[in-house]
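Structure file query03.cif with mmCIF, C-alpha atoms and all ligand atoms:
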data_coords
#
loop_
_atom_site.label_atom_id
_atom_site.label_comp_id
_atom_site.auth_asym_id
_atom_site.auth_seq_id
_atom_site.Cartn_x
_atom_site.Cartn_y
_atom_site.Cartn_z
CA MET A 17 -17.10 -8.46 -2.35
CA ASP A 18 -15.76 -7.08 0.95
CA THR A 19 -17.93 -4.73 2.85
CA ARG A 20 -16.23 -1.37 3.34
CA ILE A 21 -13.86 -1.95 6.21
CA LEU A 22 -13.21 1.66 7.15
CA GLU A 23 -16.12 4.00 7.67
CA PRO A 24 -15.76 7.79 7.14
CA GLU A 25 -16.88 8.21 10.77
CA GLN A 26 -13.78 6.31 12.00
CA ILE A 27 -11.57 8.70 10.03
CA ARG A 28 -13.36 11.74 11.45
CA LYS A 29 -12.95 10.47 15.03
CA HIS A 30 -9.28 9.71 14.44
CA ASN A 31 -8.72 13.20 13.01
CA GLU A 32 -10.44 14.85 15.97
CA VAL A 33 -7.92 13.22 18.31
CA PHE A 34 -4.94 14.34 16.22
CA LEU A 35 -6.20 17.77 15.26
CA GLU A 36 -4.43 19.65 18.04
CA SER A 37 -1.03 18.05 17.55
CA HIS A 38 -1.35 18.61 13.79
CA GLY A 39 -2.31 22.29 14.13
CA SER A 40 0.82 23.58 15.82
CA PRO A 41 3.49 22.40 13.35
CA LEU A 42 1.31 23.76 10.55
CA GLN A 43 1.09 27.17 12.22
CA GLY A 44 4.85 26.95 12.80
CA MET A 45 5.23 27.04 9.00
CA GLY A 46 3.96 30.62 9.09
CA SER A 47 6.63 31.85 6.69
CA LEU A 48 5.05 29.68 4.01
CA THR A 49 1.63 31.27 4.36
CA ARG A 50 1.58 33.02 0.98
CA GLU A 51 2.39 29.90 -0.97
CA ARG A 52 0.79 27.53 1.49
CA GLU A 53 -2.72 27.44 0.08
CA GLY A 54 -1.62 26.83 -3.51
CA LEU A 55 0.77 24.15 -2.39
CA ILE A 56 -1.83 22.33 -0.31
CA ARG A 57 -4.20 22.46 -3.30
CA LYS A 58 -1.54 20.83 -5.51
CA LEU A 59 -1.01 18.11 -2.92
CA MET A 60 -4.76 17.50 -2.68
CA ASP A 61 -4.98 17.11 -6.47
CA PHE A 62 -1.97 14.82 -6.83
CA GLN A 63 -2.85 11.14 -7.22
CA VAL A 64 -0.72 8.04 -7.58
CA ALA A 65 -1.92 4.73 -9.02
CA ILE A 66 -1.60 1.51 -7.03
CA PRO A 67 -0.57 -1.64 -8.90
CA SER A 68 -2.84 -4.61 -8.31
CA TRP A 69 0.23 -6.81 -7.84
CA ALA A 70 1.57 -4.84 -4.87
CA LEU A 71 -1.32 -5.65 -2.55
CA GLY A 72 0.05 -9.05 -1.57
CA THR A 73 3.34 -10.17 -0.10
CA GLY A 74 6.24 -10.03 -2.50
CA GLY A 75 8.70 -12.84 -2.83
CA THR A 76 12.28 -13.38 -3.78
CA ARG A 77 13.55 -16.43 -5.62
CA PHE A 78 14.43 -17.81 -2.17
CA GLY A 79 11.07 -17.60 -0.50
CA ARG A 80 7.91 -15.77 0.40
CA PHE A 81 6.51 -15.10 3.85
CA PRO A 82 2.88 -14.00 3.56
CA GLY A 83 1.25 -12.20 6.45
CA GLY A 84 -2.36 -13.18 5.70
CA GLY A 85 -5.51 -11.41 4.56
CA GLU A 86 -4.23 -10.82 1.03
CA PRO A 87 -6.84 -10.00 -1.63
CA ARG A 88 -8.03 -13.21 -3.28
CA ASN A 89 -9.61 -11.70 -6.35
CA LEU A 90 -9.99 -8.45 -8.24
CA GLU A 91 -12.92 -7.24 -6.12
CA GLU A 92 -10.77 -7.55 -3.00
CA LYS A 93 -7.85 -5.82 -4.68
CA ILE A 94 -10.14 -2.93 -5.57
CA SER A 95 -11.35 -2.88 -1.98
CA ASP A 96 -7.73 -2.66 -0.71
CA VAL A 97 -6.98 0.25 -3.01
CA GLY A 98 -10.24 1.85 -1.88
CA LEU A 99 -8.97 1.58 1.68
CA LEU A 100 -5.65 3.21 0.74
CA HIS A 101 -7.57 5.98 -0.99
CA SER A 102 -9.83 6.67 1.98
CA LEU A 103 -6.79 6.78 4.29
CA THR A 104 -4.71 9.08 2.08
CA GLY A 105 -7.01 10.81 -0.43
CA SER A 106 -4.17 10.29 -2.93
CA ALA A 107 -4.61 6.83 -4.47
CA ASP A 108 -7.59 7.13 -6.77
CA SER A 109 -6.70 4.47 -9.34
CA ILE A 110 -5.59 0.89 -9.75
CA SER A 111 -3.31 -0.48 -12.43
CA LEU A 112 -4.03 -4.05 -13.58
CA HIS A 113 -1.65 -6.70 -14.85
CA ILE A 114 -3.10 -9.13 -17.37
CA PRO A 115 -3.58 -12.11 -17.14
CA TRP A 116 -3.04 -11.92 -13.35
CA ASP A 117 -6.15 -9.73 -13.04
CA ASN A 118 -8.13 -10.99 -15.99
CA THR A 119 -11.87 -10.50 -15.67
CA ASP A 120 -14.87 -11.31 -17.83
CA ARG A 121 -16.89 -8.67 -15.93
CA PRO A 122 -15.07 -5.41 -16.68
CA GLY A 123 -18.25 -3.31 -16.50
CA GLU A 124 -18.97 -4.63 -13.02
CA MET A 125 -15.38 -3.94 -11.95
CA VAL A 126 -15.72 -0.35 -13.14
CA ARG A 127 -18.88 0.03 -11.06
CA ILE A 128 -17.29 -1.53 -7.97
CA ALA A 129 -14.22 0.68 -8.33
CA ALA A 130 -16.42 3.77 -8.63
CA THR A 131 -18.05 3.01 -5.28
CA TYR A 132 -14.61 3.62 -3.73
CA GLY A 133 -13.99 6.70 -5.89
CA LEU A 134 -11.51 4.74 -8.03
CA HIS A 135 -10.87 4.30 -11.73
CA PHE A 136 -8.51 2.09 -13.73
CA ALA A 137 -5.04 3.37 -14.57
CA SER A 138 -2.66 1.93 -17.17
CA VAL A 139 -3.12 -1.73 -18.10
CA ASN A 140 0.00 -3.91 -18.18
CA SER A 141 0.64 -6.82 -20.52
CA ASN A 142 2.63 -9.85 -19.45
CA THR A 143 4.77 -11.67 -21.99
CA PHE A 144 7.49 -12.43 -19.47
CA GLN A 145 5.83 -15.60 -18.15
CA ASP A 146 4.30 -18.59 -19.90
CA GLN A 147 0.67 -19.09 -18.95
CA PRO A 148 -1.03 -22.49 -18.57
CA GLY A 149 -2.28 -23.70 -21.94
CA GLN A 150 -0.21 -21.18 -23.90
CA SER A 151 0.94 -22.75 -27.16
CA LEU A 152 4.33 -21.06 -27.70
CA SER A 153 6.91 -20.29 -25.02
CA TYR A 154 8.50 -16.93 -24.16
CA LYS A 155 11.64 -18.62 -22.88
CA PHE A 156 13.68 -16.92 -25.62
CA GLY A 157 11.68 -13.71 -25.79
CA SER A 158 8.30 -12.47 -26.87
CA LEU A 159 8.16 -9.38 -29.11
CA GLN A 160 11.80 -9.95 -30.12
CA HIS A 161 11.44 -13.71 -30.72
CA GLU A 162 13.11 -15.30 -33.74
CA ASP A 163 9.88 -17.12 -34.50
CA ALA A 164 7.14 -15.07 -36.17
CA ALA A 165 4.34 -17.14 -34.63
CA THR A 166 5.64 -16.49 -31.10
CA ARG A 167 5.85 -12.78 -31.84
CA ALA A 168 2.29 -12.85 -33.20
CA GLN A 169 1.10 -14.57 -30.03
CA ALA A 170 2.74 -11.86 -27.87
CA VAL A 171 1.29 -9.09 -30.05
CA GLY A 172 -2.13 -10.76 -29.82
CA HIS A 173 -1.91 -10.74 -26.02
CA ASN A 174 -1.20 -7.01 -26.03
CA LEU A 175 -4.19 -6.39 -28.30
CA GLU A 176 -6.34 -8.38 -25.90
CA VAL A 177 -5.05 -6.22 -23.00
CA ILE A 178 -5.97 -3.06 -24.94
CA ARG A 179 -9.46 -4.47 -25.56
CA LEU A 180 -9.96 -5.17 -21.85
CA GLY A 181 -8.42 -1.82 -20.91
CA ARG A 182 -10.97 -0.01 -23.08
CA GLU A 183 -13.80 -1.71 -21.25
CA LEU A 184 -12.21 -0.73 -17.95
CA GLY A 185 -11.96 2.91 -18.98
CA SER A 186 -8.17 2.85 -18.96
CA ASN A 187 -6.28 5.01 -21.46
CA SER A 188 -2.78 3.57 -21.63
CA LEU A 189 -0.92 0.33 -22.11
CA THR A 190 2.37 -0.29 -20.31
CA VAL A 191 4.69 -2.74 -21.99
CA TRP A 192 7.58 -4.09 -20.00
CA LEU A 193 9.53 -6.78 -21.82
CA ALA A 194 11.77 -9.35 -20.20
CA ASP A 195 13.21 -9.91 -23.68
CA GLY A 196 16.96 -9.94 -23.88
CA SER A 197 19.84 -12.40 -23.68
CA SER A 198 21.88 -13.93 -20.90
CA TYR A 199 24.98 -14.87 -22.90
CA PRO A 200 27.17 -13.11 -25.42
CA GLY A 201 26.40 -14.33 -28.90
CA GLN A 202 22.89 -15.45 -28.00
CA LEU A 203 21.28 -12.58 -29.92
CA ASN A 204 21.96 -10.26 -32.77
CA PHE A 205 21.24 -6.92 -31.03
CA ARG A 206 20.13 -5.09 -34.16
CA ARG A 207 17.81 -7.81 -35.35
CA ALA A 208 16.31 -8.23 -31.87
CA PHE A 209 15.65 -4.48 -31.81
CA GLN A 210 14.10 -4.50 -35.31
CA ARG A 211 11.84 -7.44 -34.54
CA SER A 212 10.71 -5.82 -31.27
CA LEU A 213 10.04 -2.58 -33.11
CA GLU A 214 7.93 -4.36 -35.74
CA SER A 215 5.91 -6.06 -33.01
CA LEU A 216 5.50 -2.84 -31.06
CA ARG A 217 4.31 -1.12 -34.23
CA LEU A 218 1.45 -3.61 -34.57
CA ILE A 219 0.48 -2.86 -30.96
CA TYR A 220 0.87 0.88 -31.46
CA ASP A 221 -1.34 0.78 -34.54
CA ALA A 222 -4.10 -0.89 -32.51
CA LEU A 223 -4.17 1.84 -29.85
CA PRO A 224 -7.41 3.79 -29.56
CA PRO A 225 -6.90 7.43 -30.60
CA ASP A 226 -6.80 8.82 -27.07
CA TRP A 227 -4.47 6.12 -25.69
CA LYS A 228 -0.77 6.22 -24.86
CA LEU A 229 1.79 3.43 -25.09
CA PHE A 230 4.36 3.38 -22.26
CA ILE A 231 7.61 1.56 -22.96
CA GLU A 232 9.28 0.62 -19.68
CA TYR A 233 13.02 -0.03 -19.76
CA LYS A 234 15.13 -2.11 -17.42
CA ALA A 235 18.88 -2.59 -17.35
CA TYR A 236 18.96 -6.28 -16.42
CA GLU A 237 16.93 -9.10 -14.89
CA PRO A 238 15.61 -11.59 -15.74
CA HIS A 239 18.37 -11.52 -18.37
CA PHE A 240 21.91 -10.76 -17.34
CA TYR A 241 23.74 -9.90 -20.53
CA SER A 242 21.45 -7.70 -22.62
CA THR A 243 17.93 -6.37 -22.40
CA THR A 244 16.14 -5.38 -25.58
CA VAL A 245 14.65 -2.28 -23.94
CA GLY A 246 17.60 -1.84 -21.61
CA ASP A 247 17.77 1.88 -20.91
CA TRP A 248 16.05 5.18 -21.51
CA GLY A 249 17.91 5.69 -24.80
CA GLN A 250 16.55 2.48 -26.24
CA SER A 251 13.05 3.18 -24.95
CA LEU A 252 13.17 6.68 -26.42
CA LEU A 253 14.37 5.25 -29.73
CA TYR A 254 11.36 2.93 -29.90
CA ALA A 255 9.02 5.76 -28.84
CA LYS A 256 10.35 8.15 -31.48
CA LYS A 257 10.18 5.55 -34.22
CA LEU A 258 6.63 4.55 -33.25
CA GLY A 259 5.02 7.97 -33.08
CA PRO A 260 3.53 10.63 -30.82
CA LYS A 261 1.44 8.27 -28.71
CA ALA A 262 4.51 6.32 -27.52
CA PHE A 263 6.38 7.39 -24.37
CA THR A 264 9.17 6.25 -22.11
CA LEU A 265 8.27 4.98 -18.67
CA VAL A 266 10.83 5.37 -15.88
CA ASP A 267 10.89 2.79 -13.10
CA LEU A 268 13.28 4.12 -10.46
CA GLY A 269 14.76 0.66 -9.84
CA HIS A 270 15.61 -0.11 -13.45
CA HIS A 271 18.95 1.68 -13.81
CA LEU A 272 22.55 0.66 -13.44
CA PRO A 273 24.02 1.73 -10.08
CA ASN A 274 24.29 5.49 -9.46
CA ALA A 275 22.59 6.52 -12.71
CA ASN A 276 21.59 10.18 -12.69
CA ILE A 277 17.85 9.57 -12.91
CA GLU A 278 16.99 13.24 -12.42
CA GLN A 279 18.92 14.13 -15.57
CA ILE A 280 17.18 11.36 -17.51
CA VAL A 281 13.82 12.70 -16.36
CA ALA A 282 14.73 16.27 -17.31
CA LEU A 283 15.71 15.29 -20.86
CA LEU A 284 12.74 13.00 -21.44
CA LEU A 285 10.44 15.83 -20.34
CA MET A 286 12.26 18.23 -22.62
CA GLU A 287 11.64 15.85 -25.53
CA GLY A 288 7.97 15.48 -24.57
CA ARG A 289 8.49 11.74 -24.21
CA LEU A 290 8.22 11.13 -20.49
CA GLY A 291 5.06 9.09 -20.08
CA GLY A 292 5.04 7.88 -16.55
CA PHE A 293 6.74 6.72 -13.41
CA HIS A 294 7.06 3.61 -11.35
CA PHE A 295 8.13 4.71 -7.88
CA ASN A 296 10.15 2.54 -5.52
CA ASP A 297 13.58 2.72 -3.91
CA SER A 298 16.70 0.60 -4.00
CA LYS A 299 20.19 0.24 -2.69
CA TYR A 300 21.57 -2.27 -5.18
CA GLY A 301 19.31 -3.20 -8.09
CA ASP A 302 15.59 -3.53 -8.70
CA ASP A 303 15.06 -3.90 -4.95
CA ASP A 304 11.48 -2.54 -5.09
CA LEU A 305 11.73 -1.08 -1.58
CA THR A 306 9.45 1.55 -0.04
CA VAL A 307 9.66 4.87 -1.88
CA GLY A 308 12.12 7.25 -0.22
CA CYS A 309 13.49 4.73 2.29
CA ILE A 310 17.05 4.70 0.92
CA ARG A 311 17.61 7.83 -1.18
CA PRO A 312 15.11 10.53 -0.25
CA TYR A 313 17.40 13.25 -1.61
CA GLN A 314 17.46 11.60 -5.03
CA LEU A 315 13.67 11.39 -4.95
CA PHE A 316 13.50 15.08 -4.15
CA LEU A 317 15.90 15.93 -6.99
CA ILE A 318 13.79 13.89 -9.40
CA PHE A 319 10.66 15.72 -8.27
CA HIS A 320 12.47 19.02 -8.62
CA GLU A 321 13.18 18.23 -12.29
CA LEU A 322 9.59 17.09 -12.74
CA VAL A 323 8.10 20.22 -11.21
CA GLU A 324 10.43 22.55 -13.08
CA GLY A 325 10.12 20.66 -16.38
CA MET A 326 6.34 20.33 -16.21
CA GLU A 327 5.97 24.05 -15.45
CA GLU A 328 8.24 24.89 -18.37
CA ARG A 329 6.08 22.79 -20.73
CA GLU A 330 2.85 23.96 -19.09
CA MET A 331 1.92 20.40 -18.28
CA ASN A 332 -0.78 19.34 -15.88
CA PRO A 333 0.94 17.34 -13.12
CA VAL A 334 -2.24 15.43 -12.36
CA THR A 335 -3.18 14.23 -15.83
CA ASP A 336 -0.18 14.53 -18.14
CA LEU A 337 2.04 11.92 -16.52
CA ALA A 338 1.09 8.47 -15.23
CA TRP A 339 2.28 8.13 -11.63
CA MET A 340 2.40 4.71 -10.08
CA ILE A 341 4.06 2.89 -7.21
CA ASP A 342 5.82 -0.32 -8.27
CA ALA A 343 7.16 -1.81 -5.06
CA SER A 344 7.29 -5.25 -3.53
CA HIS A 345 6.81 -6.01 0.13
CA ASN A 346 8.78 -8.97 1.35
CA LEU A 347 8.79 -8.04 5.02
CA LYS A 348 6.28 -5.27 5.68
CA ASP A 349 2.51 -5.38 5.62
CA PRO A 350 1.78 -4.51 1.93
CA LEU A 351 -0.84 -1.89 2.80
CA GLU A 352 1.32 -0.20 5.45
CA ASP A 353 4.22 -0.20 3.02
CA LEU A 354 2.09 1.42 0.32
CA LEU A 355 0.90 4.06 2.81
CA GLN A 356 4.53 4.89 3.57
CA SER A 357 5.32 5.11 -0.16
CA ILE A 358 2.38 7.42 -0.85
CA GLU A 359 3.49 9.70 1.99
CA ALA A 360 7.11 9.73 0.75
CA ILE A 361 5.97 10.74 -2.74
CA GLN A 362 3.83 13.57 -1.35
CA ILE A 363 6.64 14.80 0.90
CA ALA A 364 9.14 14.93 -1.98
CA TYR A 365 6.60 16.59 -4.27
CA ALA A 366 5.86 19.24 -1.63
CA GLN A 367 9.59 19.88 -1.10
CA ALA A 368 10.10 20.28 -4.85
CA LEU A 369 7.21 22.76 -4.98
CA LEU A 370 9.05 24.82 -2.36
CA VAL A 371 12.17 25.28 -4.47
CA ASN A 372 12.64 28.94 -5.33
CA GLN A 373 12.95 28.41 -9.10
CA GLU A 374 13.70 32.03 -9.89
CA ALA A 375 16.49 32.29 -7.36
CA LEU A 376 17.90 28.98 -8.58
CA GLY A 377 17.87 30.24 -12.15
CA ARG A 378 19.77 33.37 -11.08
CA ALA A 379 22.32 31.33 -9.15
CA GLN A 380 22.84 29.12 -12.23
CA GLU A 381 23.38 32.16 -14.46
CA MET A 382 26.01 33.48 -12.02
CA ASN A 383 27.67 30.06 -11.68
CA ASP A 384 26.97 30.42 -7.98
CA ILE A 385 27.09 26.74 -7.09
CA VAL A 386 27.05 27.39 -3.35
CA GLN A 387 23.84 29.40 -3.61
CA ALA A 388 22.26 26.80 -5.90
CA GLN A 389 22.94 24.11 -3.32
CA GLU A 390 21.58 26.33 -0.52
CA ILE A 391 18.35 26.80 -2.45
CA LEU A 392 17.84 23.12 -3.18
CA GLN A 393 18.76 21.94 0.28
CA ASP A 394 16.68 24.62 1.94
CA ALA A 395 13.64 23.10 0.26
CA PHE A 396 14.77 19.51 0.88
CA ARG A 397 15.32 20.17 4.57
CA THR A 398 11.87 21.68 5.08
CA ASP A 399 9.63 19.31 6.97
CA THR A 400 6.63 19.20 4.64
CA ARG A 401 4.76 16.55 6.60
CA PRO A 402 2.31 19.05 8.16
CA LEU A 403 1.38 20.30 4.66
CA VAL A 404 0.86 16.77 3.40
CA ALA A 405 -1.26 15.98 6.47
CA GLU A 406 -3.29 19.15 5.95
CA ALA A 407 -4.00 18.09 2.34
CA ARG A 408 -5.25 14.76 3.68
CA LEU A 409 -7.41 16.47 6.30
CA ARG A 410 -9.07 18.60 3.63
CA THR A 411 -9.88 15.55 1.49
CA GLU A 412 -11.42 13.85 4.53
CA ALA A 413 -8.59 11.35 4.65
CA ALA A 414 -6.64 10.45 7.79
CA LEU A 415 -4.12 12.71 9.51
CA ASP A 416 -2.05 9.64 10.35
CA PRO A 417 -2.87 6.87 7.84
CA VAL A 418 -0.51 4.20 9.21
CA GLY A 419 -1.62 5.04 12.77
CA LEU A 420 -5.29 4.67 11.88
CA PHE A 421 -4.65 1.46 9.92
CA ARG A 422 -3.00 0.01 13.02
CA GLU A 423 -5.31 1.34 15.72
CA SER A 424 -8.37 0.07 13.80
CA GLY A 425 -6.83 -3.40 13.58
CA LEU A 426 -7.48 -3.46 9.84
CA ARG A 427 -5.05 -6.22 8.98
CA GLY A 428 -6.62 -8.45 11.63
CA LEU A 429 -10.01 -7.73 10.11
CA LEU A 430 -8.79 -8.62 6.63
CA ILE A 431 -7.29 -11.86 7.93
CA ARG A 432 -10.62 -12.76 9.55
CA GLN A 433 -12.51 -11.96 6.33
CA ARG A 434 -10.13 -13.58 3.87
CA GLY A 435 -8.12 -16.10 5.87
CA SER A 436 -4.50 -16.30 6.90
CA GLY A 437 -3.55 -18.31 3.81
CA ALA A 438 -5.17 -15.94 1.29
CA ARG A 439 -2.76 -15.31 -1.53
CA ALA A 440 -2.77 -12.51 -4.11
CA THR A 441 -1.73 -13.12 -7.71
CA GLY A 442 1.51 -11.57 -8.95
CA LEU A 443 5.20 -12.28 -8.57
C1 LIG A 501 9.54 -5.26 -13.99
O1 LIG A 501 10.54 -5.41 -13.06
C2 LIG A 501 8.42 -4.36 -13.47
O2 LIG A 501 8.95 -3.20 -12.94
C3 LIG A 501 7.41 -4.05 -14.54
O3 LIG A 501 6.78 -2.82 -14.29
C4 LIG A 501 6.46 -5.17 -14.38
O4 LIG A 501 5.22 -4.98 -14.96
C5 LIG A 501 6.39 -5.32 -12.89
O5 LIG A 501 7.69 -4.99 -12.44
C6 LIG A 501 5.98 -6.71 -12.56
O6 LIG A 501 6.12 -7.00 -11.20
MN MN A 502 7.91 -1.27 -13.10
#
Write out the structure in this file as structure tokens.
Amino acid sequence: MDTRILEPEQIRKHNEVFLESHGSPLQGMGSLTREREGLIRKLMDFQVAIPSWALGTGGTRFGRFPGGGEPRNLEEKISDVGLLHSLTGSADSISLHIPWDNTDRPGEMVRIAATYGLHFASVNSNTFQDQPGQSLSYKFGSLQHEDAATRAQAVGHNLEVIRLGRELGSNSLTVWLADGSSYPGQLNFRRAFQRSLESLRLIYDALPPDWKLFIEYKAYEPHFYSTTVGDWGQSLLYAKKLGPKAFTLVDLGHHLPNANIEQIVALLLMEGRLGGFHFNDSKYGDDDLTVGCIRPYQLFLIFHELVEGMEEREMNPVTDLAWMIDASHNLKDPLEDLLQSIEAIQIAYAQALLVNQEALGRAQEMNDIVQAQEILQDAFRTDTRPLVAEARLRTEAALDPVGLFRESGLRGLLIRQRGSGARATGL
């Protein structure tokens, strides 16, 4: 196991240096004073899970260019998430993908995670790849497969993931299926749906009472003609047919171009079926880029629907939805990229909290579109970075996480500890 590579003392020293330059923009937000405390509290409470598979370099089908020092095992992945959490105060859990992160020592992993103040978020099953020694192939699908034995194998894997998740203290299973077809005529859509539903029901029935099942949809890829859980409508259909513990999971990169994701989010919340989020950003498809790097306004609009919808349903933003980053880092240092994503999420959340909901409601009643836009864009154009930094300061995290990561030479340290050829499991 790595020794802790960032000591609280280093964070304190770093913050001392930046305290003065942080103080003035925060004071400059004087007009926010009344709301400021409550808002900072919400930011301090907000946590986003880090996927174990995003700690190494991502690849495309054309190549992969690792930068070194990647976590070689689950202990090192936990250590990396611990580092992100001490830098930001906002990443208190890790989401595992099985079998990439399989462990026969779950109790020990729970103890190690706790030393960093971490716990285990949703566990993810993988029936989109064949594993060495696996008897039946998922080439033509898993839960939807024509062959009952292949379906049973895929269901069995999910049950195994639930079993491990229980030992890890997780309380949800995320199922993303690559199942679909790449050519017209390859599948009977209805029968593929029915078979998937039957398989999902066996998984649903095996859920512990306090668990949730998240059904993640994706428009295309790896299949290019149809996907058996292809959009939010199909996911919602499965969730409603399965029962109250089944929810739709929205991955921002899984829509057809220009989809109105904020509207999808609003309606799923209204139906009580929004389970969780995979944050990332994209220009074209499932690009898995840094959160907020391409469409920050869309991210803000999504958060606005989330804040408004969660308030309406009296939901707890910290515990009632599963927030996770699902990005891939082909060019950037994975940890720096994740720090940027965490910050982007916090910024958008803070902006959404600033929206004057009452005034917006009045503008909507009056059909005053100009005023509605003024209200939204007033919040979006507020620089919330000082508030986000203040929340970090109060949780003893770093005022400038990327700056501290760089000035402490943490990547160099990880390369020395783990080697320049160290390679994390994942895609
Ligand atoms: C599929 O593209 C996905 O978004 C799912 O969440 C998977 O579990 C993950 O990416 C695998 O990298
Ligand atoms: Mn995802």
Do you have, as CSV, the list of residues of chain A lying at most 9 Å from ligand LIG 501 (chain A), each with its nearest atom pair and that distance in Å to one decimal, counting only C-alpha atoms and all ligand atoms and ordered by chain then number?
residue,atom,partner,partner_atom,distance
A:Pro67,CA,A:LIG501,C5,8.8
A:Trp69,CA,A:LIG501,O6,6.8
A:Ala70,CA,A:LIG501,O6,8.1
A:His113,CA,A:LIG501,O4,7.1
A:Asn140,CA,A:LIG501,O4,6.2
A:Ser141,CA,A:LIG501,O4,7.4
A:Asn142,CA,A:LIG501,O4,7.1
A:Phe144,CA,A:LIG501,C4,8.9
A:Thr190,CA,A:LIG501,O4,7.7
A:Val191,CA,A:LIG501,O4,7.4
A:Trp192,CA,A:LIG501,C3,5.5
A:Leu193,CA,A:LIG501,C1,8.0
A:Ala194,CA,A:LIG501,C1,7.8
A:Glu232,CA,A:LIG501,O3,6.9
A:Tyr233,CA,A:LIG501,C1,8.5
A:Lys234,CA,A:LIG501,O1,7.1
A:Glu237,CA,A:LIG501,O1,7.6
A:Pro238,CA,A:LIG501,O1,8.4
A:Asp267,CA,A:LIG501,O2,6.3
A:Leu268,CA,A:LIG501,O2,8.9
A:Gly269,CA,A:LIG501,O2,7.6
A:His270,CA,A:LIG501,O1,7.3
A:His294,CA,A:LIG501,O3,7.1
A:Asp302,CA,A:LIG501,O1,6.9
A:Asp304,CA,A:LIG501,O2,8.3
A:Asp342,CA,A:LIG501,O2,6.3
A:Ala343,CA,A:LIG501,O5,8.1
A:Ser344,CA,A:LIG501,O6,8.0
A:Gly442,CA,A:LIG501,O6,6.9
A:Leu443,CA,A:LIG501,O6,6.0
message = For a quick check of understanding, using only C-alpha atoms and all ligand atoms, which of A:Gly425, A:Gly292, A:Pro260, A:Pro87 has the smallest distance to ligand MN 502 (chain A)?
response = A:Gly292
key: Nearest candidate to Val404 (chain A) (options A:Glu287, A:Asp61, A:Glu162, A:Glu36; using only C-alpha atoms)   = A:Asp61
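Closest approach to Leu252 (chain A) among A:Gly288, A:Gly428, A:Trp227, A:Ile277 is made by A:Gly288 (distances from all atoms listed in the file).
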inquiry  = Counting all atoms listed in the file, which residue out of A:Asn276, A:Thr264, A:Thr398, A:Thr335 sits closest to ligand MN 502 (chain A)?
reply    =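 For ligand MN 502 (chain A), the nearest of the given residues is A:Thr264.
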request  = Show which residues sit within 12 Å of Asp163 (chain A), as an MDAnalysis selection string. Count all atoms listed in the file, and ignore same-chain residues fewer than 3 positions away.
outcome  = chainID A and resid 152:160 166:170 208 211:212 215
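Distances here use only C-alpha atoms and all ligand atoms; by that measure, the residue among A:Leu265, A:Ala368, A:Leu189, A:Leu337 closest to ligand MN 502 (chain A) is A:Leu265.
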message = Given all atoms listed in the file as the basis, pick out the residue of A:Ser111, A:Glu92, A:Asn332, A:Arg77 nearest to ligand MN 502 (chain A).
response =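 Nearest to ligand MN 502 (chain A): A:Ser111.
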remark   = The distance between CA of Phe263 (chain A) and CA of Pro333 (chain A) is 16.0 Å
Please output region 117-127 of chain A, rebuilt to include N, CA and C atoms, as a tab-separated table (two decimals), in the frame of the given file.
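Contents of selection_30.tsv, as written:
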chain	number	residue	atom	x	y	z
A	117	ASP	N	-4.89	-10.33	-13.49
A	117	ASP	CA	-6.15	-9.73	-13.04
A	117	ASP	C	-7.26	-9.86	-14.07
A	118	ASN	N	-7.14	-10.86	-14.92
A	118	ASN	CA	-8.13	-10.99	-15.99
A	118	ASN	C	-9.55	-11.05	-15.43
A	119	THR	N	-10.48	-10.44	-16.12
A	119	THR	CA	-11.87	-10.50	-15.67
A	119	THR	C	-12.80	-10.55	-16.87
A	120	ASP	N	-13.88	-11.32	-16.75
A	120	ASP	CA	-14.87	-11.31	-17.83
A	120	ASP	C	-16.03	-10.39	-17.45
A	121	ARG	N	-15.84	-9.61	-16.36
A	121	ARG	CA	-16.89	-8.67	-15.93
A	121	ARG	C	-16.33	-7.25	-15.79
A	122	PRO	N	-15.70	-6.73	-16.84
A	122	PRO	CA	-15.07	-5.41	-16.68
A	122	PRO	C	-16.04	-4.31	-16.27
A	123	GLY	N	-17.26	-4.35	-16.83
A	123	GLY	CA	-18.25	-3.31	-16.50
A	123	GLY	C	-18.55	-3.31	-15.00
A	124	GLU	N	-18.67	-4.52	-14.45
A	124	GLU	CA	-18.97	-4.63	-13.02
A	124	GLU	C	-17.79	-4.11	-12.19
A	125	MET	N	-16.58	-4.40	-12.67
A	125	MET	CA	-15.38	-3.94	-11.95
A	125	MET	C	-15.32	-2.40	-11.94
A	126	VAL	N	-15.70	-1.81	-13.06
A	126	VAL	CA	-15.72	-0.35	-13.14
A	126	VAL	C	-16.70	0.20	-12.11
A	127	ARG	N	-17.86	-0.44	-12.02
A	127	ARG	CA	-18.88	0.03	-11.06
A	127	ARG	C	-18.40	-0.15	-9.62
